[in-house]
Structure formats: C-alpha cells, structure tokens
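Visitor: Structure supplied as target_39.cif; contents: mmCIF, C-alpha atoms and all ligand atoms.
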```cif
data_structure
loop_
_atom_site.label_atom_id
_atom_site.label_comp_id
_atom_site.auth_asym_id
_atom_site.auth_seq_id
_atom_site.Cartn_x
_atom_site.Cartn_y
_atom_site.Cartn_z
CA MET A 456 12.79 12.47 12.87
CA ILE A 457 15.58 12.54 15.49
CA LYS A 458 16.94 9.05 16.30
CA LYS A 459 20.08 9.60 18.43
CA LEU A 460 20.88 12.67 20.45
CA LEU A 461 24.19 13.64 22.06
CA ILE A 462 24.25 16.07 25.00
CA THR A 463 27.41 17.91 26.07
CA GLY A 464 27.77 19.32 29.59
CA ALA A 465 25.09 16.84 30.73
CA ASN A 466 26.22 16.82 34.34
CA GLY A 467 25.47 20.49 34.95
CA GLN A 468 22.51 22.27 36.51
CA ILE A 469 20.42 22.14 33.34
CA GLY A 470 21.93 19.05 31.68
CA SER A 471 21.29 16.78 34.63
CA GLU A 472 17.53 17.36 34.30
CA LEU A 473 17.30 18.03 30.55
CA THR A 474 18.96 14.68 29.79
CA LEU A 475 16.15 12.87 31.61
CA ALA A 476 13.50 15.01 29.86
CA PHE A 477 14.96 14.20 26.43
CA ARG A 478 15.24 10.50 27.32
CA LYS A 479 11.51 10.49 28.08
CA ILE A 480 10.80 11.90 24.61
CA TYR A 481 13.34 10.03 22.46
CA GLY A 482 13.91 6.85 24.50
CA HIS A 483 16.53 6.21 27.18
CA GLU A 484 18.94 4.38 24.87
CA ASN A 485 18.81 7.18 22.30
CA VAL A 486 20.18 10.04 24.38
CA VAL A 487 23.93 9.92 25.00
CA ALA A 488 24.90 12.08 27.98
CA THR A 489 28.48 13.39 27.99
CA ASP A 490 30.46 15.72 30.22
CA LEU A 491 34.03 16.77 30.95
CA ASN A 492 33.45 15.27 34.38
CA PRO A 493 33.93 11.49 34.02
CA VAL A 494 31.64 10.82 36.99
CA LEU A 495 28.10 11.53 35.84
CA ARG A 496 25.20 11.74 38.28
CA ALA A 497 23.74 8.32 39.08
CA GLU A 498 20.29 9.27 37.70
CA ILE A 499 21.90 9.88 34.29
CA LYS A 500 24.43 7.06 34.34
CA ASP A 501 21.92 4.44 35.39
CA ASN A 502 19.26 5.14 32.80
CA GLY A 503 21.02 5.51 29.44
CA PRO A 504 24.34 5.74 27.58
CA THR A 505 27.02 8.07 28.93
CA ASP A 506 30.58 8.97 27.98
CA GLN A 507 33.30 11.38 29.01
CA LEU A 508 33.77 14.25 26.52
CA ASP A 509 35.79 17.45 26.63
CA VAL A 510 34.15 19.62 23.94
CA LEU A 511 37.62 20.92 23.07
CA ASP A 512 38.58 17.37 22.01
CA ARG A 513 37.31 17.38 18.45
CA LYS A 514 38.56 13.85 17.65
CA LYS A 515 36.64 12.35 20.59
CA LEU A 516 33.51 14.28 19.57
CA GLU A 517 33.83 12.87 16.04
CA SER A 518 34.33 9.34 17.29
CA LEU A 519 31.31 9.48 19.65
CA ILE A 520 29.13 10.79 16.83
CA ASP A 521 30.22 7.85 14.65
CA GLN A 522 30.01 5.29 17.47
CA TYR A 523 26.44 6.20 18.44
CA GLN A 524 25.29 7.36 14.95
CA ILE A 525 24.24 10.70 16.38
CA ASP A 526 21.86 12.87 14.35
CA ALA A 527 21.24 15.78 16.77
CA ILE A 528 23.30 17.59 19.43
CA VAL A 529 22.30 19.55 22.53
CA HIS A 530 25.40 21.55 23.39
CA LEU A 531 25.24 22.67 27.04
CA ALA A 532 28.93 22.64 28.04
CA ALA A 533 29.97 26.17 28.96
CA ILE A 534 31.65 28.37 31.56
CA LEU A 535 29.09 30.69 33.19
CA SER A 536 29.26 34.41 33.95
CA ALA A 537 30.89 34.64 37.38
CA VAL A 538 33.50 31.92 36.79
CA GLY A 539 34.01 33.44 33.33
CA GLU A 540 34.90 36.84 34.82
CA LYS A 541 37.45 35.17 37.09
CA ASN A 542 38.98 33.28 34.16
CA SER A 543 38.06 34.97 30.92
CA GLN A 544 40.55 32.98 28.80
CA MET A 545 38.98 29.73 29.93
CA ALA A 546 35.48 31.09 29.22
CA TRP A 547 36.54 32.14 25.72
CA ASN A 548 38.24 28.81 25.06
CA VAL A 549 35.49 26.48 26.29
CA ASN A 550 32.55 28.55 25.07
CA MET A 551 33.90 29.54 21.66
CA ASN A 552 36.12 26.62 20.69
CA GLY A 553 33.65 24.12 22.15
CA THR A 554 30.82 25.68 20.12
CA ILE A 555 32.73 25.88 16.85
CA ASN A 556 33.86 22.26 17.30
CA VAL A 557 30.25 21.15 17.73
CA LEU A 558 29.06 23.19 14.73
CA GLU A 559 31.90 22.14 12.43
CA VAL A 560 31.84 18.44 13.30
CA ALA A 561 28.05 18.48 12.85
CA ARG A 562 28.35 20.22 9.47
CA GLU A 563 30.98 17.75 8.26
CA LYS A 564 28.94 14.75 9.39
CA GLY A 565 25.63 16.00 7.99
CA ILE A 566 24.00 16.52 11.40
CA LYS A 567 21.42 19.25 10.98
CA ARG A 568 19.66 19.75 14.35
CA ILE A 569 21.64 21.46 17.12
CA PHE A 570 20.45 23.22 20.26
CA ILE A 571 22.85 25.71 21.89
CA PRO A 572 21.61 27.75 24.85
CA SER A 573 22.18 31.47 24.91
CA SER A 574 21.57 33.72 27.89
CA ILE A 575 20.29 37.07 29.11
CA ALA A 576 24.04 37.74 29.34
CA VAL A 577 24.01 38.69 25.62
CA PHE A 578 22.56 42.02 26.75
CA GLY A 579 24.64 44.80 28.25
CA PRO A 580 24.52 48.31 29.67
CA THR A 581 23.41 49.84 26.34
CA THR A 582 20.45 47.46 25.93
CA PRO A 583 16.97 48.71 26.97
CA ARG A 584 16.55 47.10 30.42
CA ASP A 585 12.77 47.03 30.79
CA CYS A 586 10.89 44.53 28.67
CA THR A 587 14.08 43.95 26.65
CA PRO A 588 13.08 43.38 23.02
CA GLN A 589 13.94 40.28 20.98
CA ASP A 590 15.94 42.21 18.41
CA THR A 591 18.02 44.83 20.19
CA ILE A 592 21.52 46.02 21.05
CA LEU A 593 23.88 43.16 22.04
CA GLN A 594 26.93 44.78 23.64
CA PRO A 595 27.65 42.68 26.76
CA SER A 596 30.26 43.69 29.31
CA THR A 597 31.28 40.13 30.37
CA MET A 598 33.38 37.55 28.57
CA TYR A 599 30.53 35.07 29.06
CA GLY A 600 28.19 37.51 27.29
CA VAL A 601 30.68 38.05 24.48
CA THR A 602 30.85 34.30 23.86
CA LYS A 603 27.05 33.97 23.99
CA VAL A 604 26.56 36.76 21.40
CA ALA A 605 29.18 35.12 19.18
CA GLY A 606 27.47 31.74 19.69
CA GLU A 607 24.14 33.18 18.54
CA LEU A 608 25.73 34.83 15.51
CA LEU A 609 27.51 31.59 14.61
CA GLY A 610 24.28 29.63 14.98
CA ASP A 611 22.39 32.00 12.69
CA TYR A 612 25.29 31.92 10.23
CA TYR A 613 25.21 28.11 10.05
CA VAL A 614 21.44 28.25 9.41
CA GLN A 615 21.84 30.70 6.56
CA LYS A 616 25.10 29.49 5.04
CA PHE A 617 24.79 25.72 5.43
CA GLY A 618 21.04 25.15 5.77
CA MET A 619 21.48 23.66 9.24
CA ASP A 620 18.78 23.74 11.92
CA ILE A 621 20.34 25.56 14.90
CA ARG A 622 18.09 26.62 17.78
CA GLY A 623 18.77 28.48 20.99
CA LEU A 624 17.10 30.16 23.96
CA ARG A 625 18.33 33.15 25.93
CA TYR A 626 17.74 31.47 29.28
CA PRO A 627 17.17 33.75 32.26
CA GLY A 628 18.55 32.65 35.65
CA ILE A 629 17.44 29.05 36.15
CA ILE A 630 16.23 28.00 39.60
CA SER A 631 16.25 24.30 40.49
CA HIS A 632 16.63 21.80 43.32
CA GLU A 633 18.40 18.81 41.73
CA THR A 634 21.87 20.07 40.77
CA LEU A 635 23.55 23.20 42.08
CA PRO A 636 24.34 25.94 39.56
CA GLY A 637 27.85 26.10 38.12
CA GLY A 638 29.07 29.63 38.87
CA GLY A 639 26.71 32.26 37.51
CA THR A 640 25.43 35.62 38.69
CA THR A 641 21.90 34.33 39.26
CA ASP A 642 23.11 31.50 41.57
CA TYR A 643 21.89 33.43 44.63
CA ALA A 644 18.32 32.49 43.69
CA VAL A 645 19.17 28.81 44.28
CA ALA A 646 21.55 29.20 47.24
CA ILE A 647 18.92 31.21 49.14
CA PHE A 648 16.64 28.15 49.35
CA TYR A 649 19.36 25.84 50.70
CA ASP A 650 20.41 28.39 53.32
CA ALA A 651 16.79 29.10 54.24
CA VAL A 652 16.18 25.41 54.93
CA LYS A 653 19.54 24.70 56.60
CA HIS A 654 20.13 27.94 58.54
CA GLY A 655 16.94 30.05 58.37
CA LYS A 656 18.93 32.95 56.90
CA TYR A 657 20.94 33.95 53.82
CA GLU A 658 23.59 36.54 52.96
CA CYS A 659 22.99 37.68 49.38
CA PHE A 660 25.82 38.73 47.04
CA LEU A 661 23.47 41.07 45.11
CA LYS A 662 21.70 44.19 46.39
CA GLU A 663 18.10 43.83 47.57
CA ASP A 664 16.59 45.73 44.61
CA THR A 665 18.52 44.00 41.79
CA LYS A 666 15.76 42.83 39.46
CA LEU A 667 16.58 39.99 37.07
CA PRO A 668 14.56 37.60 34.89
CA MET A 669 14.36 34.06 36.34
CA MET A 670 12.71 30.75 35.49
CA TYR A 671 11.95 27.58 37.42
CA MET A 672 13.49 24.39 36.01
CA PRO A 673 10.23 22.72 34.86
CA ASP A 674 9.61 25.76 32.64
CA CYS A 675 13.23 25.64 31.41
CA LEU A 676 12.77 21.99 30.42
CA LYS A 677 9.45 22.78 28.76
CA ALA A 678 10.88 25.75 26.82
CA THR A 679 13.83 23.69 25.64
CA THR A 680 11.93 20.59 24.57
CA ASP A 681 9.15 22.69 22.98
CA LEU A 682 11.58 24.75 20.91
CA PHE A 683 13.60 21.63 20.05
CA GLN A 684 10.49 19.98 18.61
CA ALA A 685 8.95 23.09 17.00
CA ASP A 686 8.25 23.25 13.27
CA PHE A 687 11.44 24.77 11.80
CA SER A 688 9.54 26.36 8.90
CA LYS A 689 7.60 28.54 11.39
CA LEU A 690 10.75 29.96 13.06
CA ARG A 691 11.86 33.42 11.99
CA HIS A 692 14.48 33.60 14.74
CA HIS A 693 16.84 30.72 15.45
CA ALA A 694 19.78 30.81 17.82
CA GLY A 695 18.64 33.35 20.41
CA PHE A 696 14.98 33.41 21.45
CA ASN A 697 14.08 35.59 24.45
CA VAL A 698 12.14 33.49 27.00
CA GLY A 699 10.67 34.90 30.19
CA ALA A 700 8.84 33.54 33.20
CA PHE A 701 9.05 36.03 36.10
CA SER A 702 11.39 38.85 37.19
CA ILE A 703 12.42 39.20 40.82
CA THR A 704 14.69 41.05 43.22
CA PRO A 705 16.42 39.28 46.12
CA GLN A 706 13.99 41.13 48.41
CA ALA A 707 10.94 39.80 46.53
CA LEU A 708 12.35 36.28 46.66
CA ALA A 709 13.00 36.63 50.40
CA GLU A 710 9.41 37.83 50.91
CA SER A 711 8.09 34.86 48.96
CA ILE A 712 10.13 32.53 51.21
CA GLN A 713 8.82 34.36 54.30
CA LYS A 714 5.26 33.47 53.27
CA VAL A 715 6.24 29.85 54.01
CA MET A 716 8.99 30.49 56.60
CA PRO A 717 8.04 33.71 58.45
CA ASN A 718 11.31 33.75 60.44
CA PHE A 719 13.59 33.62 57.40
CA GLU A 720 16.14 36.48 57.40
CA ILE A 721 18.15 37.96 54.54
CA THR A 722 21.18 40.28 54.62
CA TYR A 723 23.07 41.82 51.70
CA LYS A 724 26.78 41.92 50.93
CA PRO A 725 27.20 42.73 47.22
CA ASP A 726 30.38 41.49 45.52
CA PHE A 727 31.81 41.57 41.96
CA ARG A 728 28.67 39.87 40.63
CA GLN A 729 26.64 43.06 41.32
CA ALA A 730 28.24 44.79 38.31
CA ILE A 731 27.36 41.83 36.09
CA ALA A 732 23.75 41.80 37.30
CA ASP A 733 23.50 45.59 36.81
CA SER A 734 24.35 45.13 33.14
CA TRP A 735 21.49 42.66 32.52
CA PRO A 736 17.78 43.30 31.84
CA ASN A 737 15.04 43.66 34.45
CA CYS A 738 12.60 41.73 32.34
CA ILE A 739 12.26 40.22 28.91
CA ASP A 740 9.87 40.60 25.99
CA ASP A 741 9.39 37.03 24.79
CA SER A 742 6.60 37.67 22.29
CA ALA A 743 8.65 36.17 19.42
CA ALA A 744 8.89 32.84 21.29
CA ARG A 745 5.16 32.98 22.07
CA GLU A 746 4.25 33.70 18.44
CA GLU A 747 6.74 31.44 16.62
CA TRP A 748 6.54 28.26 18.75
CA GLY A 749 3.85 28.85 21.38
CA TRP A 750 5.96 29.56 24.49
CA LYS A 751 3.98 29.95 27.73
CA PRO A 752 5.53 29.55 31.20
CA GLN A 753 3.63 27.71 33.93
CA TYR A 754 5.28 28.75 37.22
CA ASP A 755 5.13 32.10 38.97
CA LEU A 756 7.33 33.12 41.92
CA ASP A 757 5.17 31.80 44.77
CA ALA A 758 4.37 28.49 43.07
CA MET A 759 8.10 27.93 42.52
CA THR A 760 9.03 28.96 46.07
CA GLU A 761 6.57 26.54 47.62
CA GLU A 762 7.87 23.62 45.56
CA MET A 763 11.56 24.51 46.07
CA LEU A 764 11.12 24.71 49.84
CA ARG A 765 9.12 21.49 49.97
CA VAL A 766 11.69 19.47 47.99
CA ILE A 767 14.79 20.94 49.67
CA SER A 768 13.26 20.55 53.15
CA GLU A 769 12.59 16.89 52.39
CA LYS A 770 16.19 16.39 51.23
CA HIS A 771 17.37 18.04 54.42
CA ARG A 772 15.09 15.84 56.53
CA GLN A 773 16.60 12.77 54.85
CA GLY A 774 20.14 14.03 55.53
CA LEU A 775 20.92 14.40 51.81
CA ILE A 776 22.00 18.02 52.08
P1 LIG A 801 26.70 24.26 34.59
O1 LIG A 801 27.90 25.08 34.88
O2 LIG A 801 25.83 23.84 35.70
O3 LIG A 801 27.11 22.96 33.78
C1 LIG A 801 28.02 23.01 32.71
C2 LIG A 801 28.56 21.62 32.50
O4 LIG A 801 29.52 21.71 31.45
C3 LIG A 801 29.27 21.04 33.72
O5 LIG A 801 28.75 19.76 34.04
C4 LIG A 801 30.73 20.98 33.33
O6 LIG A 801 31.40 19.84 33.85
C5 LIG A 801 30.60 20.89 31.81
N1 LIG A 801 31.82 21.36 31.13
C6 LIG A 801 32.61 22.41 31.44
N2 LIG A 801 33.63 22.46 30.57
C7 LIG A 801 33.48 21.45 29.71
C8 LIG A 801 34.21 20.98 28.60
N3 LIG A 801 35.36 21.57 28.21
N4 LIG A 801 33.76 19.92 27.92
C9 LIG A 801 32.63 19.30 28.31
N5 LIG A 801 31.89 19.67 29.37
C10 LIG A 801 32.32 20.74 30.05
O7 LIG A 801 25.86 25.08 33.50
P2 LIG A 801 24.29 25.03 33.22
O8 LIG A 801 23.66 26.01 34.12
O9 LIG A 801 23.79 23.65 33.19
O10 LIG A 801 24.26 25.68 31.77
C11 LIG A 801 24.04 24.94 30.60
C12 LIG A 801 23.96 25.92 29.44
O11 LIG A 801 22.87 26.84 29.68
C13 LIG A 801 25.20 26.79 29.27
O12 LIG A 801 25.40 27.02 27.91
C14 LIG A 801 24.83 28.09 29.95
O13 LIG A 801 25.53 29.17 29.42
C15 LIG A 801 23.36 28.17 29.63
N6 LIG A 801 22.63 29.02 30.58
C16 LIG A 801 22.42 28.62 31.87
C17 LIG A 801 21.72 29.45 32.73
C18 LIG A 801 21.44 29.07 34.16
O14 LIG A 801 20.89 29.89 34.92
N7 LIG A 801 21.79 27.86 34.58
C19 LIG A 801 21.23 30.68 32.27
C20 LIG A 801 21.50 31.07 30.96
C21 LIG A 801 22.17 30.22 30.12
N1 LIG A 802 22.53 32.10 35.12
C1 LIG A 802 23.54 32.50 34.18
C2 LIG A 802 24.63 33.22 34.88
O1 LIG A 802 24.34 33.85 35.87
C3 LIG A 802 22.94 33.41 33.11
O2 LIG A 802 23.43 33.01 31.91
O3 LIG A 802 25.73 33.17 34.43
#
```
Could you show the structure in this file as structure tokens?
Guide:
Amino acid sequence: MIKKLLITGANGQIGSELTLAFRKIYGHENVVATDLNPVLRAEIKDNGPTDQLDVLDRKKLESLIDQYQIDAIVHLAAILSAVGEKNSQMAWNVNMNGTINVLEVAREKGIKRIFIPSSIAVFGPTTPRDCTPQDTILQPSTMYGVTKVAGELLGDYYVQKFGMDIRGLRYPGIISHETLPGGGTTDYAVAIFYDAVKHGKYECFLKEDTKLPMMYMPDCLKATTDLFQADFSKLRHHAGFNVGAFSITPQALAESIQKVMPNFEITYKPDFRQAIADSWPNCIDDSAAREEWGWKPQYDLDAMTEEMLRVISEKHRQGLI
C-alpha cells in the first residue's frame, strides 16, 4: 500500500493535472509535488506539500525522500522532443541523469514503486508505422527518443535485476486545457484550440496529412492512475506500454473544430518538427495494455474538441487567456 508519493516535474503539462488526480486517490497531504521551477501552480501549491527539486540534484532528492518518508515516485521531469532537438546535450542530461538518479536513490532507499513515462518517440523510421506493435523495433531518430528508449530499458532492468516495480506508458501526444505543453512535436494539437478561440485561425507547423496518435488529458490521467494501481503480478510488460486513444492529422483536427466553429481557418507552414513527426507512428496497437491492466480510452476526437473549445472559450471570456 502506497503511503507517500513524490512527483518530479509536477508543474508541467501532465504533472499539473496528474498531481491533483493522485492527491484524490492517496490524500492531499500524501503527494509531494516537486519541480525545477520554484513557483508551482497555485492549484498544486495550495492543496498539498510542494518543494523545489532539480532531478539532477541527487542529494536534494535523497533528503526529500527522507523528509517526507516517500515510498513511491512518479518521475515526470524531462525535456521533450522539439526542445530536445534544439539542445540535445540538455535532453540527454536531464532525461538520462535525472532518471538514473531517481532509480538509484529509490533502489538504495528501498522504494519499489516508480512510474516513468515513455513516449511514442521511442519509435523511429524503421518501426512499422501503422498499428505499431507493442514489441517492435526501437530505433528513434531524436535525442528525446534515444533517452526514452534508454529509460524503458533501464526500467525493465531494475525490475529484473533488483525486483523493483517500475511502470511506464508510451504516451501519445497529450491534449489538454490547463497547462500548456512544454516543447514537443505534438504541441500543435493544443495551440490550435487557443488560436481558434482567440483569432479564429491557426498556422500549423506540421503538414495537413501528418497523422499521429493523440490522447485527451482525462484519458491520460486514467491510463496513468490505472496502470499505477494495477496488479503487478498480472503485468508482462513494465516500463513501456503502448496506449492509444485516437489518431489524427492537423486537417482532421481542423475539421473537428469547424463542426463547432464553421469559420475557423487553418494554414500550414511545416518547420523542423515535421521530420520528427514523420519518424513517429500513425497509430498504436495497445492490446497489451488492454489485456494486462484493462486499458480503455473514453474520449474520441469530437468529444475532446467540444470540451476543449468550451473550456478555452470560457477562459477567454473571463480574460484568463
Ligand atoms: P512538460 O515539459 O510540460 O513538463 C516537464 C516539467 O519538468 C516542467 O515543469 C519542468 O519545469 C520540469 N523540469 C525540467 N527539467 C527539470 C529538472 N532538471 N528537474 C526537475 N524538473 C524539471 O512535460 P509533460 O508534457 O508534462 O511531460 C511529462 C512526462 O511525460 C515527460 O517524461 C514526457 O517525456 C512524457 N510525455 C509527455 C507527452 C505529452 O504529450 N505531454 C507525450 C509523451 C510523453
Ligand atoms: N508530445 C511529446 C512530444 O511531442 C511526445 O513525447 O515531444
């Protein structure tokens, strides 16, 4: 039974909502939210313990684990694909050294349960792109992808070698309305909603027919908390489960927005992120997640679009964005 959970990178797109989801399950006082950024979002700061933590600072990680008597870690801190291509040394440093710090400190302190997200970025140009299998070729062409493959391999190694309980999901592009994404290739699928509401048009940095797997945040939270609480003895995979929801092109997303906002316009000006997107799958076979821990997404494209537009329009009306 988990008593005290520490989250790294809690201020990011996923962490800012996942922290609240975990606090609902384990109790507000029992989920310690940390981030490199010392100023955490008010929703997180005001409803449970928080602390500043650079995951490269192993001593501080050790001291927080002792201070709060942590027995599980959700390690979200990372540099994402687009920022990682602009600064590959930083991506390697934060993603690899941060992850090995978390794993090693946990091992030394007897912490067994760790969740570390992976990504569709583990796949590359040599991976089958349609209905990408769970167990397949992992030869990514980005530094971010390299670190995510290594993270999965490390996670599986710590399960086998040290009997630890490491779990991870290969998240697709996550679409949400609370916190903006932190510099990935799938960020267009969030930015499009803000520009639709604010300006009625959007210039997309990917080509209109670039199909990528995506997921709405409520499904991301559900997948994460479901896997986190799944029966370990039933898992045959550990650090890198495929999880799918829906696959879309920018054009399909624009058409979904036009069902609600008929005058919305999209134009296309592909940049360096096009090559990254072209190396990733069109869609994902997530049958292992469905069989081993009962994964089932709830949102399709139009259901997500309606909710995204409703919430972002309301924020705009209130002058919040
Ligand atoms: P994000 O960029 O929005 O947030 C990352 C957070 O990590 C930020 O708050 C940042 O301040 C923090 N951080 C950066 N360097 C740090 C350091 N040295 N020490 C401590 N904190 C640091 O990212 P996200 O989208 O919330 O992603 C969370 C995890 O999910 C990452 O591992 C990412 O690779 C993975 N993921 C995300 C997506 C997605 O679409 N959002 C898709 C696939 C995988
Ligand atoms: N959304 C992430 C990115 O684009 C995928 O890991 O980097």
Visitor: Can you tell me, as JSON, numbers by chain, what residues are no more than 12 Å from Glu517 (chain A) when counting all atoms listed in the file, ignoring any on the same chain fewer than 3 positions away?
Guide: {"A": [461, 508, 509, 510, 511, 512, 513, 514, 520, 521, 522, 523, 524, 525, 556, 557, 558, 559, 560, 561, 562, 563, 564, 565, 566]}
Visitor: Selected residues, C-alpha atoms, written as a CSV table (one decimal), in the frame of the given file, please.
Guide:
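Contents of the output file out.csv:
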```
chain,number,residue,atom,x,y,z
A,461,LEU,CA,24.2,13.6,22.1
A,508,LEU,CA,33.8,14.2,26.5
A,509,ASP,CA,35.8,17.4,26.6
A,510,VAL,CA,34.2,19.6,23.9
A,511,LEU,CA,37.6,20.9,23.1
A,512,ASP,CA,38.6,17.4,22.0
A,513,ARG,CA,37.3,17.4,18.4
A,514,LYS,CA,38.6,13.8,17.6
A,520,ILE,CA,29.1,10.8,16.8
A,521,ASP,CA,30.2,7.8,14.6
A,522,GLN,CA,30.0,5.3,17.5
A,523,TYR,CA,26.4,6.2,18.4
A,524,GLN,CA,25.3,7.4,15.0
A,525,ILE,CA,24.2,10.7,16.4
A,556,ASN,CA,33.9,22.3,17.3
A,557,VAL,CA,30.2,21.2,17.7
A,558,LEU,CA,29.1,23.2,14.7
A,559,GLU,CA,31.9,22.1,12.4
A,560,VAL,CA,31.8,18.4,13.3
A,561,ALA,CA,28.0,18.5,12.8
A,562,ARG,CA,28.4,20.2,9.5
A,563,GLU,CA,31.0,17.8,8.3
A,564,LYS,CA,28.9,14.8,9.4
A,565,GLY,CA,25.6,16.0,8.0
A,566,ILE,CA,24.0,16.5,11.4
```
Visitor: Give the residue list for ligand LIG 802 (chain A) at 7 Å, counting all atoms listed in the file, as a ChimeraX atom specification, sorted by chain and then by residue number.
Guide: /A:535-537,574-576,626-629,638-642
Visitor: Put those residues in a file: C-alpha atoms, as an mmCIF file, in the frame of the given file.
Guide:
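Saved the output as selection_29.cif:
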```cif
data_model
loop_
_atom_site.group_PDB
_atom_site.id
_atom_site.type_symbol
_atom_site.label_atom_id
_atom_site.label_comp_id
_atom_site.auth_asym_id
_atom_site.auth_seq_id
_atom_site.Cartn_x
_atom_site.Cartn_y
_atom_site.Cartn_z
ATOM 1 C CA LEU A 535 29.090 30.690 33.190
ATOM 2 C CA SER A 536 29.260 34.410 33.950
ATOM 3 C CA ALA A 537 30.890 34.640 37.380
ATOM 4 C CA SER A 574 21.570 33.720 27.890
ATOM 5 C CA ILE A 575 20.290 37.070 29.110
ATOM 6 C CA ALA A 576 24.040 37.740 29.340
ATOM 7 C CA TYR A 626 17.740 31.470 29.280
ATOM 8 C CA PRO A 627 17.170 33.750 32.260
ATOM 9 C CA GLY A 628 18.550 32.650 35.650
ATOM 10 C CA ILE A 629 17.440 29.050 36.150
ATOM 11 C CA GLY A 638 29.070 29.630 38.870
ATOM 12 C CA GLY A 639 26.710 32.260 37.510
ATOM 13 C CA THR A 640 25.430 35.620 38.690
ATOM 14 C CA THR A 641 21.900 34.330 39.260
ATOM 15 C CA ASP A 642 23.110 31.500 41.570
#
```
Visitor: Which residue, A:Lys541, A:Ala743, A:Thr665, A:Pro736, has the smallest gap to Val577 (chain A) when you use all atoms listed in the file?
Guide: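 Closest to Val577 (chain A), using all atoms listed in the file: A:Pro736.
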Visitor: Where's the centre, and what are the edge lengths in Å to one decimal, of a box along x, y and z enclosing all listed atoms of ligand LIG 801 (chain A) padded 8 Å per side, as AutoDock Vina command-line options?
Guide:
```
--center_x 28.1 --center_y 25.2 --center_z 31.8 --size_x 30.5 --size_y 27.8 --size_z 23.8
```
Visitor: Of the candidates A:Tyr723, A:Tyr613, A:Trp735, A:Phe570, which one gets nearest to Cys586 (chain A) if we count only C-alpha atoms?
Guide: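 Checking each of A:Tyr723, A:Tyr613, A:Trp735, A:Phe570 against Cys586 (chain A), counting only C-alpha atoms, the winner is A:Trp735.
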Visitor: Nearest residue to Met669 (chain A) out of A:Asn737, A:Asn718, A:Thr463, A:Asn542, using only C-alpha atoms?
Guide: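 Ranking A:Asn737, A:Asn718, A:Thr463, A:Asn542 by distance to Met669 (chain A), first place goes to A:Asn737.
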Visitor: Separation of CA of Leu667 (chain A) and CA of Ile703 (chain A), in Å?
Guide: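 According to the coordinates, CA of Leu667 (chain A) and CA of Ile703 (chain A) are separated by 5.7 Å.
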Visitor: Would you kindly return, as a PyMOL selection string, each protein, DNA or RNA residue with an atom no farther than 12 Å from any atom of Gln544 (chain A), considering all atoms listed in the file and excluding same-chain residues fewer than 3 positions away?
Guide: chain A and resi 534+538-541+547-552+597-599+601-602
Visitor: Restricting the calculation to all atoms listed in the file, which member of A:Gly482, A:Ser734, A:Ile571, A:Gln753 is positioned closest to Pro583 (chain A)?
Guide: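 That would be A:Ser734, the residue with the smallest distance to Pro583 (chain A).
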Visitor: Need the shell around Phe617 (chain A): protein/DNA/RNA residues with any atom at most 10 Å away, counting all atoms listed in the file. Skip same-chain ones fewer than 5 positions apart. Format as a PDB file with C-alpha atoms, in the frame of the given file?
Guide:
```pdb
ATOM      1  CA  ARG A 562      28.350  20.220   9.470  1.00  0.00           C
ATOM      2  CA  LYS A 567      21.420  19.250  10.980  1.00  0.00           C
ATOM      3  CA  ASP A 611      22.390  32.000  12.690  1.00  0.00           C
ATOM      4  CA  TYR A 612      25.290  31.920  10.230  1.00  0.00           C
TER       5      TYR A 612
END
```
Visitor: Calculate how many Å separate atom O4 of ligand LIG 801 (chain A) from CA of Lys616 (chain A), rounding to one decimal.
Guide: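 Computing the Euclidean distance for atom O4 of ligand LIG 801 (chain A) and CA of Lys616 (chain A) yields 27.9 Å.
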Visitor: Give me the region 507-530 of chain A side of the contact with region 675-688 of chain A, cut-off 12 Å, one line per residue showing its nearest atom pair and distance in Å at one decimal, counting all atoms listed in the file, sorted by chain and residue number, as a tab-separated table.
Guide:
```
residue	atom	partner	partner_atom	distance
A:Ala527	CA	A:Phe683	CA	10.2
A:Ile528	CA	A:Phe683	CA	10.5
A:Val529	CA	A:Phe683	CA	9.3
A:His530	CA	A:Thr679	CA	12.0
```
Visitor: Any chance you could export the current selection's C-alpha atoms as a PDB file, in the frame of the given file?
Guide:
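Everything below was put into selection33.pdb:
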```pdb
ATOM      1  CA  ALA A 527      21.240  15.780  16.770  1.00  0.00           C
ATOM      2  CA  ILE A 528      23.300  17.590  19.430  1.00  0.00           C
ATOM      3  CA  VAL A 529      22.300  19.550  22.530  1.00  0.00           C
ATOM      4  CA  HIS A 530      25.400  21.550  23.390  1.00  0.00           C
TER       5      HIS A 530
END
```
Visitor: Tell me which protein, DNA and RNA residues are within 12 Å of Leu775 (chain A), counting all atoms listed in the file, leaving out same-chain ones fewer than 5 positions away, and put them as a ChimeraX atom specification.
Guide: /A:633,649,653,766-770
Visitor: Take CA of Asp501 (chain A) and CA of Leu516 (chain A) and report the distance between them in Å, one decimal.
Guide: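 For CA of Asp501 (chain A) relative to CA of Leu516 (chain A), the distance reads 21.9 Å.
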Visitor: Check the smallest atom-to-atom distance from each of A:Val652, A:Val486, A:Ile647, A:Met672 to ligand LIG 801 (chain A) using all atoms listed in the file, then report the winner.
Guide: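 Going through A:Val652, A:Val486, A:Ile647, A:Met672 one by one, the smallest distance to ligand LIG 801 (chain A) is for A:Met672.
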Visitor: A:Lys479, A:Lys458, A:Arg584, A:Lys603: which is nearest ligand LIG 801 (chain A), counting all atoms listed in the file?
Guide: A:Lys603
